[in-house]
Amino acid sequence: MISNLRKAVRLPQQRRRGVDLSHPARSPLGTAVVNCAVYEKGVRQPGDHPAEDAFRRVRESGNGFVWIGLHEPSEQEFAGIAELFGLHPLAVEDAVHAHQRPKLERYDSALFTVFKTVCYVEHDRLTETSEVVNTGEIMVFTGADFVITVRHGGHGSLGPLREQLESDPEQLAVGPSAVLHAIADLVVDDYLDVTAAVQDDIDDVESEVFAESPRRTKSEERRGGAMGPGTGAGRIYQLKRELLELKRAVAPLGGPLNALATRPMALVDPHITTYFRDVSDHLERVTEQITAFDELLNSILQAHLAQVTVAQNEDMRRISAWVAILAVPTMVCGIYGMNFEHMPEKHWTFGYPLIMAVTLTLCFLIHRGFKRNGWL
């Protein structure tokens, strides 16, 4: 129930980040170009501008900048824009093919920044194959009078961010570095949301490990009851794998953000550098949380395996107790199965009932002793 309430709280936050494709600012301008706009003094200029016209207008006026947004462009689709803005071929290759680590590279006329985006995959119940974290990428080319964003993946839309920046002309008036900061801030905020959601999953697994017995029947397993030895370990390992994917997205970004926050750069406004420090602090907090999660999952896994070992030891004690009980009739039957001629009990009328009574009494006493000591 608590898990469902957490999901209900998270869902409205995710809906607020949805993209309204009917908005005129995001009408498609091509197969890969999602948006192309000119900003002067922080105000978006009316009309949809092709990349060439926007570039020419900004360079001729010497005022403002152009922001072009692309989604998974091909080499042919990106070649014209790369040539128009003089982007470095190595950075262009990285932007087109994706699958890059977070990084910051400085070229003569632009900064090239790679961000790994993450989103939490909602699920009713964590299983051994559940996908918890989904990743994508945002590449940002930042120049003196242009910002080019290249997005890969089905999430991490920058449409709402563009709207938010357009509602604050004073911030946009700072220039392309303000857009770079806003993207970095958005990506790291998503990291915070995802780590909070992953923590809910870890809490659920932890509560099941310590609250439920690791032993369960086959019918309980079919109904999805308490975690069994294999099922529990599989879920914990799945969380660790997803946590590793999140760590690969978060940890390498520390160096680029630290550079943006501490090193003077010609293409980054000094006023914006202060704000990058705040983003870097948030990222450090996320990194510490992920490290703590990994250690906690290791402890949970060890506790679960210890519980499984205890349960197996209990089963072995039960089996050993029953073997000891059955050893009494086995011994008696073995003695009387040797077919000696001179055995008084064989010719005595009450011999058989007496032997059976003694055997049952010994079995009862042994069973009672094991029961008293907790073996049965």
# chains A, B, ... in the order shown; residues from 1 in each chain; ligands from 1
>>> residues_around(residues="Asn63 of chain A", least_positions_apart="5", cutoff="8 Å", atoms="only C-alpha atoms", output="ChimeraX atom specification")
/A:40-41,58,145
>>> closest_atom_pairs(of="segment 239-326 of chain A", to="segment 166-188 of chain A", cutoff="9 Å", atoms="only C-alpha atoms", output="tab-separated table")
residue	atom	partner	partner_atom	distance
A:Val250	CA	A:Val188	CA	8.3
A:Leu257	CA	A:Ala184	CA	8.3
A:Leu267	CA	A:Ser177	CA	7.0
A:Val268	CA	A:Ser177	CA	5.2
A:Asp269	CA	A:Ser177	CA	6.3
A:His271	CA	A:Val174	CA	8.5
A:Ile272	CA	A:Ala178	CA	6.6
A:Thr273	CA	A:His181	CA	8.7
A:Tyr275	CA	A:His181	CA	7.4
A:Phe276	CA	A:His181	CA	6.5
A:Asp278	CA	A:Asp185	CA	8.7
A:Val279	CA	A:Asp185	CA	5.8
A:Ser280	CA	A:Val188	CA	8.6
A:His282	CA	A:Val188	CA	7.0
A:Leu283	CA	A:Val188	CA	6.1
A:Val286	CA	A:Val188	CA	8.3
>>> atom_distance(atom1="atom CA of Leu376 of chain A", atom2="atom CA of Ala306 of chain A")
20.7 Å
>>> residues_around(residues="segment 135-142 of chain A", least_positions_apart="4", cutoff="6 Å", atoms="only C-alpha atoms", output="list in words")
Ala110, Leu111, Phe112, Thr113, Val114, Phe115, Lys116, Thr117, Val118, Val147, Ile148, Thr149, Val150, Arg151, His152 and Gly153 of chain A
>>> write_last_selection(atoms="all heavy atoms", output="short mmCIF file (atom, residue, chain, number, x, y, z; two decimals), in the first residue's frame")
data_model
loop_
_atom_site.label_atom_id
_atom_site.label_comp_id
_atom_site.auth_asym_id
_atom_site.auth_seq_id
_atom_site.Cartn_x
_atom_site.Cartn_y
_atom_site.Cartn_z
N ALA A 110 33.48 26.05 -29.72
CA ALA A 110 32.33 25.51 -29.00
C ALA A 110 32.77 24.59 -27.87
O ALA A 110 33.88 24.05 -27.88
CB ALA A 110 31.41 24.74 -29.96
N LEU A 111 31.90 24.46 -26.90
CA LEU A 111 32.03 23.44 -25.87
C LEU A 111 31.11 22.29 -26.25
O LEU A 111 29.97 22.50 -26.70
CB LEU A 111 31.61 23.98 -24.49
CG LEU A 111 32.52 24.99 -23.80
CD1 LEU A 111 31.86 25.46 -22.51
CD2 LEU A 111 33.87 24.36 -23.49
N PHE A 112 31.59 21.07 -26.06
CA PHE A 112 30.78 19.89 -26.33
C PHE A 112 30.59 19.13 -25.03
O PHE A 112 31.55 18.66 -24.42
CB PHE A 112 31.45 18.99 -27.37
CG PHE A 112 30.69 17.73 -27.66
CD1 PHE A 112 29.41 17.77 -28.17
CD2 PHE A 112 31.27 16.49 -27.41
CE1 PHE A 112 28.71 16.60 -28.44
CE2 PHE A 112 30.58 15.32 -27.69
CZ PHE A 112 29.30 15.37 -28.20
N THR A 113 29.34 19.06 -24.57
CA THR A 113 29.02 18.43 -23.29
C THR A 113 28.07 17.27 -23.51
O THR A 113 27.10 17.39 -24.27
CB THR A 113 28.38 19.45 -22.33
OG1 THR A 113 29.10 20.67 -22.36
CG2 THR A 113 28.34 18.89 -20.91
N VAL A 114 28.35 16.15 -22.85
CA VAL A 114 27.50 14.97 -22.94
C VAL A 114 26.89 14.70 -21.57
O VAL A 114 27.62 14.62 -20.57
CB VAL A 114 28.29 13.74 -23.42
CG1 VAL A 114 27.40 12.50 -23.45
CG2 VAL A 114 28.90 13.99 -24.79
N PHE A 115 25.57 14.59 -21.54
CA PHE A 115 24.85 14.24 -20.32
C PHE A 115 24.13 12.91 -20.53
O PHE A 115 23.57 12.67 -21.60
CB PHE A 115 23.80 15.30 -19.96
CG PHE A 115 24.36 16.66 -19.69
CD1 PHE A 115 24.38 17.64 -20.68
CD2 PHE A 115 24.86 16.98 -18.44
CE1 PHE A 115 24.88 18.90 -20.44
CE2 PHE A 115 25.37 18.25 -18.19
CZ PHE A 115 25.38 19.21 -19.18
N LYS A 116 24.16 12.06 -19.52
CA LYS A 116 23.35 10.85 -19.52
C LYS A 116 22.04 11.14 -18.79
O LYS A 116 22.04 11.53 -17.62
CB LYS A 116 24.09 9.72 -18.79
CG LYS A 116 25.10 8.98 -19.63
CD LYS A 116 24.42 7.95 -20.53
CE LYS A 116 25.44 7.03 -21.18
NZ LYS A 116 24.80 6.04 -22.06
N THR A 117 20.93 10.98 -19.49
CA THR A 117 19.63 11.18 -18.87
C THR A 117 19.11 9.85 -18.32
O THR A 117 19.41 8.78 -18.87
CB THR A 117 18.62 11.75 -19.87
OG1 THR A 117 18.47 10.83 -20.96
CG2 THR A 117 19.08 13.08 -20.40
N VAL A 118 18.36 9.90 -17.25
CA VAL A 118 17.79 8.70 -16.66
C VAL A 118 16.33 8.94 -16.33
O VAL A 118 15.91 10.08 -16.08
CB VAL A 118 18.55 8.27 -15.37
CG1 VAL A 118 19.99 7.95 -15.66
CG2 VAL A 118 18.45 9.35 -14.30
N VAL A 147 23.32 27.41 -29.44
CA VAL A 147 23.21 26.20 -28.62
C VAL A 147 22.56 25.14 -29.50
O VAL A 147 21.49 25.37 -30.07
CB VAL A 147 22.36 26.41 -27.35
CG1 VAL A 147 22.21 25.09 -26.60
CG2 VAL A 147 22.97 27.46 -26.46
N ILE A 148 23.21 24.00 -29.63
CA ILE A 148 22.65 22.89 -30.40
C ILE A 148 22.55 21.69 -29.47
O ILE A 148 23.56 21.24 -28.90
CB ILE A 148 23.53 22.54 -31.62
CG1 ILE A 148 23.66 23.75 -32.54
CG2 ILE A 148 22.95 21.35 -32.38
CD1 ILE A 148 24.65 23.55 -33.68
N THR A 149 21.33 21.21 -29.27
CA THR A 149 21.11 20.06 -28.40
C THR A 149 20.71 18.86 -29.25
O THR A 149 19.85 18.97 -30.12
CB THR A 149 20.02 20.36 -27.36
OG1 THR A 149 18.82 20.74 -28.02
CG2 THR A 149 20.46 21.45 -26.42
N VAL A 150 21.34 17.73 -28.98
CA VAL A 150 21.05 16.49 -29.68
C VAL A 150 20.62 15.47 -28.62
O VAL A 150 21.41 15.13 -27.73
CB VAL A 150 22.27 15.96 -30.45
CG1 VAL A 150 21.92 14.68 -31.20
CG2 VAL A 150 22.80 17.02 -31.41
N ARG A 151 19.40 15.01 -28.75
CA ARG A 151 18.85 14.10 -27.74
C ARG A 151 18.69 12.70 -28.32
O ARG A 151 18.24 12.53 -29.44
CB ARG A 151 17.49 14.62 -27.26
CG ARG A 151 16.88 13.82 -26.12
CD ARG A 151 15.69 14.56 -25.52
NE ARG A 151 14.64 14.77 -26.48
CZ ARG A 151 13.65 13.89 -26.71
NH1 ARG A 151 13.61 12.76 -26.04
NH2 ARG A 151 12.72 14.16 -27.60
N HIS A 152 19.06 11.69 -27.50
CA HIS A 152 18.88 10.29 -27.86
C HIS A 152 18.07 9.61 -26.76
O HIS A 152 18.33 9.80 -25.57
CB HIS A 152 20.23 9.59 -28.02
CG HIS A 152 21.02 10.03 -29.21
ND1 HIS A 152 20.98 9.39 -30.42
CD2 HIS A 152 21.87 11.09 -29.37
CE1 HIS A 152 21.77 10.01 -31.28
NE2 HIS A 152 22.33 11.05 -30.67
N GLY A 153 17.11 8.80 -27.16
CA GLY A 153 16.25 8.12 -26.19
C GLY A 153 14.84 8.65 -26.22
O GLY A 153 14.57 9.73 -26.77
#
>>> select_by_dssp(residues="segment 123-311 of chain A", states="strand (DSSP E)", output="MDAnalysis selection string")
chainID A and resid 133:142 146:152
>>> write_last_selection(atoms="C-alpha atoms", output="PDB file, in the first residue's frame")
ATOM      1  CA  VAL A 133      16.257   2.609 -14.732  1.00  0.00           C
ATOM      2  CA  ASN A 134      16.144   3.671 -18.379  1.00  0.00           C
ATOM      3  CA  THR A 135      18.915   5.854 -19.786  1.00  0.00           C
ATOM      4  CA  GLY A 136      19.307   8.230 -22.707  1.00  0.00           C
ATOM      5  CA  GLU A 137      21.687  10.998 -23.751  1.00  0.00           C
ATOM      6  CA  ILE A 138      21.729  14.735 -24.370  1.00  0.00           C
ATOM      7  CA  MET A 139      24.661  16.271 -26.250  1.00  0.00           C
ATOM      8  CA  VAL A 140      25.039  20.052 -26.078  1.00  0.00           C
ATOM      9  CA  PHE A 141      27.138  22.197 -28.402  1.00  0.00           C
ATOM     10  CA  THR A 142      27.595  25.613 -26.804  1.00  0.00           C
ATOM     11  CA  PHE A 146      24.388  29.229 -30.593  1.00  0.00           C
ATOM     12  CA  VAL A 147      23.211  26.196 -28.624  1.00  0.00           C
ATOM     13  CA  ILE A 148      22.651  22.888 -30.399  1.00  0.00           C
ATOM     14  CA  THR A 149      21.112  20.062 -28.397  1.00  0.00           C
ATOM     15  CA  VAL A 150      21.050  16.486 -29.678  1.00  0.00           C
ATOM     16  CA  ARG A 151      18.848  14.096 -27.743  1.00  0.00           C
ATOM     17  CA  HIS A 152      18.883  10.291 -27.863  1.00  0.00           C
TER      18      HIS A 152
END
>>> select_by_dssp(residues="segment 138-330 of chain A", states="alpha helix (DSSP H)", output="PyMOL selection string")
chain A and resi 159-166+169-172+176-211+218-223+229-250+254-262+270-330
>>> closest_residue(among="A:Asp53, A:Trp375, A:Glu122, A:Phe364", to="Arg317 of chain A", atoms="only C-alpha atoms")
A:Trp375
>>> closest_residue(among="A:Glu77, A:Asp201, A:Glu242, A:Glu284", to="Thr129 of chain A", atoms="only C-alpha atoms")
A:Glu242
